[in-house]
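Working notes for the structure below.
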Amino acid sequence: IKNAIIEHFWLLNLLSQMKDFEASAEPLQECLNATELAVQESSTRLHDLTAKKLELHKLQVPTGVFE
């Protein structure tokens with residue numbers, strides 16, 4: 001029974017670590033979702049260079065987002 005108790009607490013600790021990881025990954029997931037949406041919205045073909053540069057500027061990730 002001692003081993004079962006140790007395993008139970010080990011699993012509880014693992015569950016706690018998993019929840020902490022999910023919470024820490026949430027901002028990154030939100031950023032990835034926003035990026036995916038922006039890319040999907042800009043998937044139309046742009047024929048002139050000015051429009052392409054403007055679209056590139058909109059899609060560039062600001063520095064510090066992933067820090």
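We name chains A, B, ... following the order of the structure tokens; residues begin at 1 in each chain, and ligands are numbered from 1 as shown.
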Which of chain A fall in alpha helix (DSSP H), as a ChimeraX atom specification: /A:2-41,49-59
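Between CA of Thr35 in chain A and CA of Gln60 in chain A there is a distance of 9.3 Å.
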Gap from CA of Asp20 in chain A to CA of Leu37 in chain A - Å, one decimal: 26.4 Å
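Rounded to one decimal, CA of Pro27 in chain A and CA of Lys52 in chain A lie 28.6 Å from each other.
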